[in-house]
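Engineer: Next comes the structure file start05.txt, holding compact mmCIF, C-alpha atoms and all ligand atoms.
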# COMPACT_ATOMS: atom_id res chain seq x y z
CA MET R 22 -23.14 22.07 3.21
CA ALA R 23 -20.69 22.91 5.94
CA THR R 24 -21.09 26.27 7.60
CA GLU R 25 -18.54 29.01 7.14
CA LYS R 26 -17.39 28.53 10.71
CA GLN R 27 -16.86 24.79 10.21
CA ASN R 28 -14.85 25.40 7.07
CA GLU R 29 -12.71 27.99 8.76
CA MET R 30 -11.95 25.58 11.61
CA ARG R 31 -11.09 22.88 9.16
CA ARG R 32 -8.85 25.19 7.22
CA GLU R 33 -6.96 26.10 10.36
CA GLN R 34 -6.55 22.45 11.20
CA ILE R 35 -5.22 21.76 7.69
CA LEU R 36 -2.68 24.57 8.00
CA ARG R 37 -1.55 23.35 11.43
CA SER R 38 -1.30 19.73 10.44
CA SER R 39 0.60 20.48 7.23
CA GLY R 40 2.81 23.22 8.63
CA VAL R 41 2.42 24.99 5.27
CA ASN R 42 2.13 28.74 4.84
CA PRO R 43 0.28 29.09 1.50
CA ARG R 44 0.92 32.86 1.43
CA LYS R 45 4.55 32.22 0.54
CA CYS R 46 3.36 31.04 -2.89
CA MET R 47 4.22 33.30 -5.82
CA LYS R 48 1.87 31.49 -8.24
CA CYS R 49 4.56 30.34 -10.63
CA GLY R 50 2.87 26.98 -11.22
CA LYS R 51 6.08 25.00 -11.08
CA CYS R 52 4.62 22.50 -8.60
CA SER R 53 1.81 21.65 -11.02
CA GLY R 54 4.19 21.64 -13.98
CA THR R 55 6.26 18.92 -12.35
CA CYS R 56 3.43 16.89 -10.82
CA PRO R 57 3.24 13.36 -12.29
CA ALA R 58 -0.46 13.16 -11.46
CA TYR R 59 -1.32 16.49 -13.10
CA ASP R 60 -3.48 15.08 -15.90
CA GLU R 61 -5.57 13.07 -13.48
CA MET R 62 -6.26 15.92 -11.09
CA GLU R 63 -9.31 18.15 -11.15
CA TRP R 64 -7.47 20.59 -8.81
CA HIS R 65 -3.72 20.84 -9.23
CA PRO R 66 -1.05 21.40 -6.60
CA HIS R 67 -0.85 25.18 -7.13
CA GLN R 68 -4.63 25.35 -6.87
CA PHE R 69 -4.57 23.48 -3.55
CA VAL R 70 -2.22 26.17 -2.29
CA GLN R 71 -4.36 29.03 -3.57
CA MET R 72 -7.68 27.58 -2.49
CA VAL R 73 -6.49 26.85 1.03
CA ALA R 74 -5.03 30.37 1.20
CA ASP R 75 -8.40 31.79 0.10
CA GLY R 76 -10.44 29.61 2.43
CA ASP R 77 -12.10 27.93 -0.52
CA ILE R 78 -11.59 24.38 0.73
CA GLU R 79 -14.92 22.73 0.09
CA PRO R 80 -14.27 21.83 -3.55
CA LEU R 81 -10.98 20.22 -2.48
CA LEU R 82 -12.64 18.11 0.21
CA LYS R 83 -15.09 16.77 -2.37
CA SER R 84 -12.61 16.10 -5.13
CA ASP R 85 -10.92 12.87 -6.12
CA SER R 86 -7.75 14.90 -6.61
CA ILE R 87 -6.79 14.22 -3.00
CA TYR R 88 -6.33 10.54 -3.89
CA LYS R 89 -4.28 11.20 -7.01
CA CYS R 90 -1.17 12.58 -5.33
CA LEU R 91 1.64 10.00 -5.43
CA THR R 92 3.62 11.50 -2.52
CA CYS R 93 6.60 11.76 -4.85
CA PHE R 94 7.77 15.03 -3.22
CA ALA R 95 8.67 16.52 -6.62
CA CYS R 96 6.61 19.63 -5.83
CA VAL R 97 8.28 19.87 -2.43
CA ASP R 98 11.78 19.94 -3.88
CA ARG R 99 10.99 21.98 -6.97
CA CYS R 100 8.95 24.83 -5.50
CA PRO R 101 11.19 27.90 -5.56
CA ARG R 102 9.47 29.33 -2.49
CA GLY R 103 9.58 26.30 -0.19
CA VAL R 104 5.79 26.08 0.05
CA GLU R 105 5.72 22.27 0.01
CA PRO R 106 2.31 21.75 -1.65
CA ALA R 107 2.33 17.96 -1.09
CA LYS R 108 1.95 18.58 2.62
CA LEU R 109 -1.25 20.53 1.98
CA VAL R 110 -2.65 17.82 -0.27
CA GLU R 111 -1.89 15.31 2.47
CA ALA R 112 -3.52 17.41 5.18
CA VAL R 113 -6.66 17.95 3.10
CA ARG R 114 -6.89 14.22 2.39
CA LEU R 115 -6.46 13.34 6.06
CA SER R 116 -9.08 15.86 6.99
CA VAL R 117 -11.50 13.91 4.81
CA ILE R 118 -10.60 10.30 5.62
CA ARG R 119 -10.34 10.87 9.36
CA GLU R 120 -14.10 11.24 9.47
CA GLN R 121 -16.20 8.31 10.55
CA GLY R 122 -16.75 5.87 7.69
CA ALA R 123 -14.76 7.95 5.22
CA ASN R 124 -11.90 5.59 4.46
CA HIS R 125 -11.22 5.66 0.75
CA MET R 126 -9.93 2.08 0.67
CA LYS R 127 -10.90 -0.74 2.96
CA PRO R 128 -8.95 -3.90 3.80
CA ASP R 129 -11.84 -5.88 2.32
CA ASP R 130 -11.19 -4.26 -1.05
CA ILE R 131 -7.66 -5.64 -1.14
CA PRO R 132 -8.01 -9.35 -2.06
CA ALA R 133 -9.52 -8.50 -5.44
CA MET R 134 -6.53 -6.30 -6.26
CA LEU R 135 -3.80 -8.80 -5.52
CA ASP R 136 -1.50 -10.45 -7.98
CA GLU R 137 1.29 -12.80 -7.13
CA ASP R 138 4.15 -10.33 -7.62
CA LEU R 139 2.60 -7.47 -5.72
CA PRO R 140 4.94 -6.28 -2.96
CA GLN R 141 3.60 -5.94 0.59
CA GLN R 142 4.97 -2.43 0.61
CA LEU R 143 2.34 -1.45 -1.95
CA LEU R 144 -0.52 -2.59 0.25
CA VAL R 145 0.69 -0.88 3.40
CA SER R 146 1.42 2.31 1.45
CA ALA R 147 -2.03 2.38 -0.12
CA LEU R 148 -3.76 1.72 3.18
CA ARG R 149 -1.74 4.42 4.85
CA LYS R 150 -2.70 6.93 2.18
CA TYR R 151 -6.28 5.94 1.61
CA ALA R 152 -7.41 4.90 5.08
CA LYS R 153 -6.93 5.98 8.67
CA MET W 5 32.02 -3.43 11.81
CA LYS W 6 28.42 -3.90 12.90
CA VAL W 7 25.42 -1.77 12.06
CA SER W 8 21.75 -2.08 12.96
CA TYR W 9 19.62 -3.22 10.07
CA PHE W 10 15.93 -2.70 9.34
CA PRO W 11 14.85 -5.11 6.56
CA GLY W 12 11.18 -4.09 6.32
CA CYS W 13 8.11 -6.09 5.31
CA THR W 14 8.83 -6.61 1.63
CA LEU W 15 12.40 -7.81 2.05
CA ARG W 16 10.95 -10.59 4.18
CA THR W 17 8.44 -11.63 1.57
CA LYS W 18 8.46 -10.68 -2.12
CA ALA W 19 11.98 -9.23 -2.09
CA ARG W 20 13.88 -11.92 -0.18
CA ASP W 21 16.74 -11.77 -2.69
CA LEU W 22 17.26 -8.13 -1.94
CA ASP W 23 17.63 -8.94 1.76
CA LEU W 24 19.82 -12.00 1.25
CA LEU W 25 22.21 -10.38 -1.20
CA SER W 26 22.48 -7.21 0.88
CA ARG W 27 23.58 -9.21 3.91
CA ARG W 28 25.99 -11.29 1.87
CA CYS W 29 27.53 -8.29 0.08
CA ALA W 30 27.86 -6.31 3.31
CA GLU W 31 29.60 -9.25 4.95
CA ALA W 32 32.01 -9.54 2.01
CA LEU W 33 32.83 -5.86 2.47
CA GLY W 34 33.43 -6.20 6.20
CA VAL W 35 30.07 -4.97 7.53
CA THR W 36 27.63 -7.11 9.50
CA LEU W 37 23.98 -6.13 9.21
CA GLU W 38 22.50 -6.86 12.63
CA GLU W 39 18.77 -7.15 12.29
CA ILE W 40 16.83 -5.19 14.89
CA ASP W 41 14.80 -7.35 17.26
CA ASP W 42 11.05 -7.22 16.84
CA TRP W 43 11.02 -4.52 14.20
CA GLN W 44 7.63 -3.48 12.85
CA CYS W 45 6.68 -2.37 9.36
CA CYS W 46 7.43 1.31 8.68
CA GLY W 47 4.10 1.74 6.90
CA GLY W 48 5.58 2.06 3.43
CA VAL W 49 5.10 5.77 2.94
CA PHE W 50 5.77 8.76 5.15
CA THR W 51 2.85 10.83 6.34
CA THR W 52 3.86 14.46 6.25
CA ALA W 53 1.11 15.57 8.64
CA ARG W 54 2.66 16.80 11.88
CA ASP W 55 -0.25 15.51 13.93
CA GLU W 56 0.13 11.92 12.68
CA ILE W 57 1.86 10.28 15.63
CA ALA W 58 0.90 6.62 15.87
CA THR W 59 1.80 5.92 12.24
CA LYS W 60 5.41 6.93 12.95
CA LEU W 61 6.01 5.01 16.16
CA SER W 62 7.35 1.86 14.50
CA SER W 63 10.11 3.94 12.91
CA VAL W 64 10.94 5.58 16.22
CA ARG W 65 11.16 2.15 17.89
CA ALA W 66 13.67 1.02 15.27
CA LEU W 67 15.66 4.23 15.67
CA LYS W 68 15.71 3.78 19.44
CA ALA W 69 16.82 0.17 19.14
CA ALA W 70 19.82 1.28 17.06
CA LYS W 71 20.58 4.06 19.53
CA ALA W 72 20.57 1.59 22.41
CA LYS W 73 23.33 -0.34 20.62
CA ASP W 74 25.12 2.84 19.64
CA GLN W 75 24.93 1.85 15.99
CA MET W 76 23.91 3.42 12.73
CA LEU W 77 20.60 2.26 11.31
CA VAL W 78 20.85 0.89 7.77
CA THR W 79 17.97 0.13 5.41
CA VAL W 80 18.00 -1.27 1.89
CA CYS W 81 14.46 -0.59 0.70
CA SER W 82 14.13 3.01 -0.52
CA ALA W 83 10.71 3.34 1.07
CA CYS W 84 11.78 2.21 4.56
CA HIS W 85 14.74 4.50 4.27
CA ASN W 86 12.50 7.42 3.35
CA VAL W 87 10.00 6.84 6.15
CA ILE W 88 12.61 6.26 8.85
CA LYS W 89 14.85 9.14 7.82
CA GLN W 90 11.94 11.58 7.59
CA THR W 91 10.64 10.42 10.97
CA ASN W 92 14.10 10.87 12.46
CA HIS W 93 14.28 14.34 10.99
CA ALA W 94 10.90 15.21 12.53
CA MET W 95 12.17 13.97 15.91
CA GLN W 96 15.14 16.32 15.58
CA THR W 97 13.33 19.39 14.33
CA ASP W 98 9.70 19.33 15.51
CA SER W 99 9.65 19.60 19.29
CA ASP W 100 5.89 19.27 19.58
CA PHE W 101 5.96 16.04 17.57
CA ALA W 102 8.93 14.70 19.52
CA LEU W 103 7.22 15.44 22.82
CA ARG W 104 4.10 13.58 21.81
CA VAL W 105 6.05 10.60 20.49
CA ASN W 106 8.12 10.41 23.65
CA ASN W 107 4.96 10.55 25.75
CA TYR W 108 3.68 7.50 23.87
CA MET W 109 6.95 5.71 24.41
CA ASN W 110 6.72 6.30 28.15
CA ILE W 111 3.52 4.31 28.41
CA GLY W 112 4.28 1.20 30.43
CA ASP W 113 7.98 2.01 30.53
CA PRO W 114 8.94 4.42 33.28
CA GLU W 115 12.62 3.84 32.47
CA ASN W 116 12.15 5.03 28.90
CA GLN W 117 14.82 7.43 27.70
CA PRO W 118 13.49 10.21 25.50
CA TYR W 119 14.63 10.13 21.90
CA TYR W 120 15.46 13.21 19.83
CA GLY W 121 16.75 11.82 16.56
CA GLU W 122 20.28 10.89 17.68
CA THR W 123 20.59 7.81 15.47
CA LYS W 124 22.27 8.16 12.10
CA VAL W 125 20.17 6.64 9.33
CA LEU W 126 21.89 5.40 6.20
CA HIS W 127 20.68 3.77 3.05
CA PHE W 128 22.79 0.77 2.00
CA LEU W 129 24.14 2.82 -0.91
CA GLU W 130 25.25 5.52 1.52
CA LEU W 131 26.88 2.83 3.63
CA LEU W 132 28.85 1.78 0.56
CA ARG W 133 29.79 5.34 -0.37
CA ASP W 134 30.38 6.94 3.04
CA VAL W 135 31.41 4.12 5.36
CA VAL W 136 32.93 1.38 3.20
CA GLY W 137 33.95 3.75 0.40
CA PHE W 138 33.43 3.07 -3.31
CA GLU W 139 37.20 2.63 -3.74
CA ARG W 140 37.08 -0.33 -1.37
CA VAL W 141 34.08 -1.70 -3.19
CA GLN W 142 36.01 -1.36 -6.42
CA ALA W 143 39.03 -3.10 -4.93
CA ALA W 144 36.81 -6.02 -3.86
CA VAL W 145 35.35 -6.54 -7.35
CA LYS W 146 36.27 -9.94 -8.79
CA ASN W 147 34.12 -9.86 -11.92
CA PRO W 148 34.07 -6.31 -13.27
CA LEU W 149 30.90 -5.57 -15.22
CA THR W 150 32.89 -4.23 -18.14
CA GLY W 151 30.86 -2.99 -21.07
CA ARG W 152 27.50 -3.31 -19.30
CA ARG W 153 25.40 -0.22 -19.89
CA ILE W 154 23.14 0.29 -16.87
CA GLY W 155 20.67 3.03 -16.02
CA ALA W 156 20.25 4.07 -12.40
CA TYR W 157 16.62 4.44 -11.40
CA TYR W 158 16.34 6.70 -8.38
CA GLY W 159 12.59 7.21 -8.50
CA CYS W 160 11.33 9.61 -5.87
CA LEU W 161 11.79 8.12 -2.43
CA LEU W 162 15.51 7.55 -2.45
CA LEU W 163 16.41 11.23 -2.68
CA ARG W 164 13.37 13.32 -1.87
CA PRO W 165 12.76 15.53 -0.03
CA GLY W 166 16.36 16.51 -0.66
CA LYS W 167 16.86 18.60 2.46
CA THR W 168 15.74 15.79 4.73
CA MET W 169 17.23 12.82 2.92
CA ALA W 170 20.52 14.70 2.49
CA MET W 171 21.87 11.93 0.33
CA ASP W 172 22.71 13.48 -3.00
CA ASP W 173 21.87 16.32 -5.38
CA VAL W 174 18.17 15.66 -6.01
CA GLU W 175 18.14 16.90 -9.59
CA ASN W 176 21.55 15.69 -10.65
CA PRO W 177 22.40 12.71 -8.48
CA SER W 178 25.50 10.57 -8.86
CA ILE W 179 25.52 8.01 -6.06
CA ILE W 180 24.19 5.11 -8.14
CA GLU W 181 26.28 6.09 -11.16
CA ASP W 182 29.40 6.11 -8.96
CA PHE W 183 28.36 2.76 -7.56
CA LEU W 184 28.06 1.39 -11.11
CA ARG W 185 31.49 2.74 -12.01
CA ALA W 186 32.97 1.04 -8.96
CA LEU W 187 31.60 -2.25 -10.31
CA GLY W 188 33.17 -1.59 -13.71
CA ALA W 189 29.85 -0.95 -15.46
CA GLU W 190 29.02 2.04 -17.62
CA PRO W 191 26.28 4.24 -16.13
CA VAL W 192 23.69 5.53 -18.59
CA ILE W 193 22.24 8.92 -17.71
CA TYR W 194 18.63 9.54 -18.76
CA ALA W 195 16.21 12.33 -17.90
CA MET W 196 13.53 10.24 -16.18
CA ARG W 197 15.83 8.59 -13.67
CA ASN W 198 14.42 10.62 -10.78
CA GLU W 199 10.78 10.76 -11.86
CA CYS W 200 8.02 8.78 -10.17
CA CYS W 201 7.02 5.26 -11.33
CA GLY W 202 3.45 5.79 -10.10
CA GLY W 203 3.98 4.31 -6.64
CA TYR W 204 0.91 3.05 -4.81
CA ILE W 205 -1.52 4.54 -7.38
CA THR W 206 -1.21 1.26 -9.28
CA LEU W 207 -3.77 -0.27 -6.92
CA GLU W 208 -6.38 2.31 -7.90
CA ASP W 209 -5.35 3.53 -11.27
CA LYS W 210 -3.25 1.13 -13.33
CA GLY W 211 -3.43 3.48 -16.30
CA LEU W 212 -1.60 6.25 -14.50
CA ALA W 213 1.04 3.85 -13.17
CA ALA W 214 1.51 2.48 -16.69
CA LYS W 215 1.93 5.95 -18.12
CA LYS W 216 4.59 6.86 -15.57
CA SER W 217 6.49 3.57 -15.60
CA SER W 218 6.58 3.16 -19.35
CA ALA W 219 7.89 6.72 -19.77
CA VAL W 220 10.79 5.83 -17.46
CA LEU W 221 11.71 2.64 -19.26
CA ALA W 222 11.30 4.11 -22.73
CA ASP W 223 13.64 6.93 -21.78
CA ALA W 224 16.21 4.53 -20.29
CA LYS W 225 16.04 2.44 -23.42
CA SER W 226 16.46 5.32 -25.82
CA ALA W 227 19.50 6.45 -23.83
CA GLY W 228 20.98 3.01 -24.46
CA ALA W 229 20.53 1.24 -21.11
CA GLU W 230 20.46 -2.56 -21.30
CA ALA W 231 18.97 -2.72 -17.78
CA VAL W 232 17.95 -0.37 -14.99
CA ILE W 233 18.67 -0.88 -11.32
CA THR W 234 16.62 0.12 -8.32
CA ALA W 235 16.58 -0.23 -4.53
CA CYS W 236 12.80 -0.14 -4.25
CA PRO W 237 10.52 -3.21 -4.55
CA LEU W 238 7.57 -1.02 -5.49
CA CYS W 239 9.50 0.69 -8.29
CA LYS W 240 10.59 -2.73 -9.51
CA TYR W 241 7.02 -4.00 -9.49
CA ASN W 242 5.64 -0.96 -11.28
CA LEU W 243 8.36 -0.82 -13.90
CA GLU W 244 8.05 -4.55 -14.60
CA LYS W 245 4.25 -4.84 -14.49
CA ASN W 246 3.30 -1.52 -15.97
CA GLY W 247 6.40 -0.35 -17.79
CA GLY W 248 6.02 -2.25 -21.05
CA GLY W 249 8.94 -4.63 -20.46
CA GLU W 250 11.39 -2.90 -22.78
CA VAL W 251 14.27 -3.02 -20.34
CA PRO W 252 14.90 -5.50 -17.54
CA VAL W 253 14.68 -4.10 -14.01
CA ILE W 254 16.99 -5.51 -11.36
CA TYR W 255 17.95 -4.77 -7.78
CA PHE W 256 21.27 -2.98 -7.34
CA THR W 257 22.39 -5.73 -4.96
CA GLU W 258 22.21 -8.28 -7.77
CA LEU W 259 24.88 -6.43 -9.74
CA LEU W 260 26.94 -5.89 -6.61
CA ALA W 261 26.84 -9.59 -5.74
CA GLU W 262 27.70 -10.52 -9.30
CA ALA W 263 30.69 -8.16 -9.36
CA LEU W 264 31.88 -9.35 -5.95
CA GLY W 265 31.61 -12.94 -7.18
CA ILE W 266 29.15 -14.02 -4.48
CA LYS W 267 25.88 -14.16 -6.33
CA GLU W 268 25.47 -17.93 -6.32
CA ASP W 269 26.15 -19.73 -3.06
S1 LIG R 301 3.85 15.00 -4.18
FE1 LIG R 301 1.77 14.78 -5.03
S2 LIG R 301 1.15 16.85 -5.60
FE2 LIG R 301 3.39 16.90 -5.32
S3 LIG R 301 4.25 16.54 -7.38
FE3 LIG R 301 4.10 14.52 -6.37
S4 LIG R 301 2.10 13.70 -6.99
FE4 LIG R 301 2.07 15.91 -7.43
S1 LIG R 302 5.84 25.97 -7.08
FE1 LIG R 302 5.60 26.94 -5.06
S2 LIG R 302 5.50 29.13 -5.46
FE2 LIG R 302 5.18 28.09 -7.43
S3 LIG R 302 2.91 27.90 -7.58
FE3 LIG R 302 3.66 26.01 -6.62
S4 LIG R 302 3.50 26.42 -4.42
FE4 LIG R 302 3.40 28.41 -5.46
Translate the structure of the given file into structure tokens.
Structural biologist:
Amino acid sequence: MATEKQNEMRREQILRSSGVNPRKCMKCGKCSGTCPAYDEMEWHPHQFVQMVADGDIEPLLKSDSIYKCLTCFACVDRCPRGVEPAKLVEAVRLSVIREQGANHMKPDDIPAMLDEDLPQQLLVSALRKYAK
Amino acid sequence: MKVSYFPGCTLRTKARDLDLLSRRCAEALGVTLEEIDDWQCCGGVFTTARDEIATKLSSVRALKAAKAKDQMLVTVCSACHNVIKQTNHAMQTDSDFALRVNNYMNIGDPENQPYYGETKVLHFLELLRDVVGFERVQAAVKNPLTGRRIGAYYGCLLLRPGKTMAMDDVENPSIIEDFLRALGAEPVIYAMRNECCGGYITLEDKGLAAKKSSAVLADAKSAGAEAVITACPLCKYNLEKNGGGEVPVIYFTELLAEALGIKED
């Protein structure tokens, strides 16, 4: 269990790294309504925004939801308040995988996933998102 | 006219046709794509975190190479285009990021000129629309694609984020439809044309990718498209592998080459 102080420092780092001001959010839910990964997420884009605003980041750090975002930028373009939730999801994910040994995908995992049509772009994208 | 060209990793491997036909079509329309020397992979997807520096340096190197030749930088792959354009935008608008990137670039190169996003980045479709002009494309068509009903698949990376990509109306785009009209084809509009195919999630969660891709193709089909076109190798892969195979998925350059009469050589 991280201390309150640690969580507060982490939250500040997430806000800095993302450049997002979660207090601009008016809780309309449009970001989650448009999110293609909604059904697979335990915490949805609007909840990321709220929970970071409230300092309640621990559940986000522990959740698989951070790996479900497709970086499609739909929530960025469709949020009426310019909050850009995808940037928060990204910053929370980085905050987790930047820790020692916390990569979500490792190069050694890759060979088993290959098929002959798979574009290189897919591998580099996945490694960029899931590993540091 | 000559422009700098960034092919990217996939156009050198699984998507060689996309590279080859782009060069050939550009040449036929009076534009030479000059490949940047020693380019490095863009990384496939943009990292929005402002403190991610190293992951964006390959894009900055490509942008600087184009600047040194005083040329625009053209990409064909939607993903490269997205990463490089967003990086360029960050170099223009985020002074802290630009400072840190330029500090990296100075290492071992005391002559290094700082870079602040001066290069103009264009997707190949923008090159056709804004530099060549769709009317000139139309005038160069030898085999009009009359009667072919084609759906444009924008996906997410080509247009979003709209403010940064500044390419078209993100919710009601027309660049690919206008391109299709220039070739004599009939564009088919369908609701899912700018929704995500699932992207890289297919490595981890095939089910989610299948859900997204098949929704796109089913929608295109019900709107009457006989094929959909894309500029992204990952979209093509997802739609073909995970999309249920209802509609063929082809690169936009294939139709362009066919219409220009230079497909087979
Ligand atoms: S960028 Fe991520 S969080 Fe935002 S809509 Fe797309 S998948 Fe959902
Ligand atoms: S769309 Fe924007 S304003 Fe609405 S809930 Fe999401 S972040 Fe908040």
Engineer: For ligand LIG 302 (chain R), collect every residue having any atom at a distance of at most 10 Å from a ligand atom (counting all atoms listed in the file); output as a VMD selection string.
Structural biologist: chain R and resid 41 to 55 65 to 71 95 to 107 109
Engineer: Taking all atoms listed in the file into account, name the residue in W:Asn246, W:Thr51, W:Asn106, W:Asn147 that is nearest to ligand LIG 301 (chain R).
Structural biologist: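 So, comparing all the options, the nearest one is W:Thr51.
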Engineer: To one decimal place, how far is atom CA of Val251 of chain W from atom CA of Tyr157 of chain W in Å?
Structural biologist: 11.9 Å
Engineer: For segment 6-12 of chain W, find every residue with an atom within 6 Å (counting all atoms listed in the file), except residues of its own chain fewer than 2 positions away, and show them as a ChimeraX atom specification.
Structural biologist: /W:14-15,35-40,45,70,75-79
Engineer: Those same residues - C-alpha atoms - I'd like them written as an mmCIF file, in the frame of the given file.
Structural biologist:
data_model
loop_
_atom_site.group_PDB
_atom_site.id
_atom_site.type_symbol
_atom_site.label_atom_id
_atom_site.label_comp_id
_atom_site.auth_asym_id
_atom_site.auth_seq_id
_atom_site.Cartn_x
_atom_site.Cartn_y
_atom_site.Cartn_z
ATOM 1 C CA THR W 14 8.830 -6.610 1.630
ATOM 2 C CA LEU W 15 12.400 -7.810 2.050
ATOM 3 C CA VAL W 35 30.070 -4.970 7.530
ATOM 4 C CA THR W 36 27.630 -7.110 9.500
ATOM 5 C CA LEU W 37 23.980 -6.130 9.210
ATOM 6 C CA GLU W 38 22.500 -6.860 12.630
ATOM 7 C CA GLU W 39 18.770 -7.150 12.290
ATOM 8 C CA ILE W 40 16.830 -5.190 14.890
ATOM 9 C CA CYS W 45 6.680 -2.370 9.360
ATOM 10 C CA ALA W 70 19.820 1.280 17.060
ATOM 11 C CA GLN W 75 24.930 1.850 15.990
ATOM 12 C CA MET W 76 23.910 3.420 12.730
ATOM 13 C CA LEU W 77 20.600 2.260 11.310
ATOM 14 C CA VAL W 78 20.850 0.890 7.770
ATOM 15 C CA THR W 79 17.970 0.130 5.410
#
Engineer: What is the atom CA of Ile88 of chain W-atom CA of Ala235 of chain W distance in Å, reported with one decimal?
Structural biologist: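 Atom-to-atom, atom CA of Ile88 of chain W and atom CA of Ala235 of chain W are spaced 15.4 Å apart.
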Engineer: Need the neighbours of (-13.4, 4.3, 5.4): which residues are at most 12 Å away, counting only C-alpha atoms, as a ChimeraX atom specification?
Structural biologist: /R:115,117-130,148-153
Engineer: Could you jot down the atom CA of His93 of chain W to atom CA of Val80 of chain W separation for me, Å, one decimal place?
Structural biologist: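 Atom-to-atom, atom CA of His93 of chain W and atom CA of Val80 of chain W are spaced 18.4 Å apart.
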Engineer: Enumerate as a PyMOL selection string the residues belonging to chain R that approach chain W to within 8 Å, with all atoms listed in the file taken into account.
Structural biologist: chain R and resi 37-40+57-58+61+89+91+93-95+97-98+108+111-112+134+138-147+149-150
Engineer: Just checking: using all atoms listed in the file, which residue out of R:Lys26, R:Val110, R:Asp75, R:Ala133 ends up closest to Tyr88 of chain R?
Structural biologist: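 Among the listed residues, the smallest separation from Tyr88 of chain R belongs to R:Val110.
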Engineer: Which residues are near Leu25 of chain W? Cut-off 9 Å, all atoms listed in the file, ignore same chain within fewer than 2 positions. Put them as a PyMOL selection string.
Structural biologist: chain W and resi 20-23+27-30+257-258+260-261+266-267
Engineer: Take the residues from that selection and write them out as a PDB file, in the coordinates of the input, keeping C-alpha atoms.
Structural biologist:
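Just written: again_9.pdb:
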ATOM      1  CA  ARG W  20      13.880 -11.920  -0.180  1.00  0.00           C
ATOM      2  CA  ASP W  21      16.740 -11.770  -2.690  1.00  0.00           C
ATOM      3  CA  LEU W  22      17.260  -8.130  -1.940  1.00  0.00           C
ATOM      4  CA  ASP W  23      17.630  -8.940   1.760  1.00  0.00           C
ATOM      5  CA  ARG W  27      23.580  -9.210   3.910  1.00  0.00           C
ATOM      6  CA  ARG W  28      25.990 -11.290   1.870  1.00  0.00           C
ATOM      7  CA  CYS W  29      27.530  -8.290   0.080  1.00  0.00           C
ATOM      8  CA  ALA W  30      27.860  -6.310   3.310  1.00  0.00           C
ATOM      9  CA  THR W 257      22.390  -5.730  -4.960  1.00  0.00           C
ATOM     10  CA  GLU W 258      22.210  -8.280  -7.770  1.00  0.00           C
ATOM     11  CA  LEU W 260      26.940  -5.890  -6.610  1.00  0.00           C
ATOM     12  CA  ALA W 261      26.840  -9.590  -5.740  1.00  0.00           C
ATOM     13  CA  ILE W 266      29.150 -14.020  -4.480  1.00  0.00           C
ATOM     14  CA  LYS W 267      25.880 -14.160  -6.330  1.00  0.00           C
TER      15      LYS W 267
END
Engineer: Would you mind telling me which residue in R:Met62, R:Val113, R:Leu135, R:Ile35 lies nearest to Leu81 of chain R when using all atoms listed in the file?
Structural biologist: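 The answer is R:Val113, which sits nearest to Leu81 of chain R.
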Engineer: Between R:Ala74, R:Leu82, R:Thr92, R:Glu63, which residue has the minimum interatomic distance to ligand LIG 301 (chain R), considering only C-alpha atoms and all ligand atoms?
Structural biologist: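 Using only C-alpha atoms and all ligand atoms, ligand LIG 301 (chain R) sits closest to R:Thr92.
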Engineer: I'd like to know which of R:Arg114, R:Arg32, R:Ile131, R:Tyr59 is closest to ligand LIG 301 (chain R), using only C-alpha atoms and all ligand atoms.
Structural biologist: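 Of R:Arg114, R:Arg32, R:Ile131, R:Tyr59, the one nearest ligand LIG 301 (chain R) is R:Tyr59, counting only C-alpha atoms and all ligand atoms.
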Engineer: Find the spatial neighbours of Glu29 of chain R, counting all atoms listed in the file, within a cut-off of 12 Å - ignore same-chain residues fewer than 5 positions away - and output them as JSON, numbers by chain.
Structural biologist: {"R": [23, 24, 34, 35, 36, 73, 74, 75, 76, 77, 78, 79]}
Engineer: Can you spit out the residues from that selection as a PDB file, in the coordinates of the input, using C-alpha atoms?
Structural biologist:
ATOM      1  CA  ALA R  23     -20.690  22.910   5.940  1.00  0.00           C
ATOM      2  CA  THR R  24     -21.090  26.270   7.600  1.00  0.00           C
ATOM      3  CA  GLN R  34      -6.550  22.450  11.200  1.00  0.00           C
ATOM      4  CA  ILE R  35      -5.220  21.760   7.690  1.00  0.00           C
ATOM      5  CA  LEU R  36      -2.680  24.570   8.000  1.00  0.00           C
ATOM      6  CA  VAL R  73      -6.490  26.850   1.030  1.00  0.00           C
ATOM      7  CA  ALA R  74      -5.030  30.370   1.200  1.00  0.00           C
ATOM      8  CA  ASP R  75      -8.400  31.790   0.100  1.00  0.00           C
ATOM      9  CA  GLY R  76     -10.440  29.610   2.430  1.00  0.00           C
ATOM     10  CA  ASP R  77     -12.100  27.930  -0.520  1.00  0.00           C
ATOM     11  CA  ILE R  78     -11.590  24.380   0.730  1.00  0.00           C
ATOM     12  CA  GLU R  79     -14.920  22.730   0.090  1.00  0.00           C
TER      13      GLU R  79
END
Engineer: Can you work out which one of R:Cys56, R:Asp85, R:Met72, R:Trp64 has the shortest atom-to-atom distance to ligand LIG 301 (chain R), counting all atoms listed in the file?
Structural biologist: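 Closest candidate: R:Cys56.
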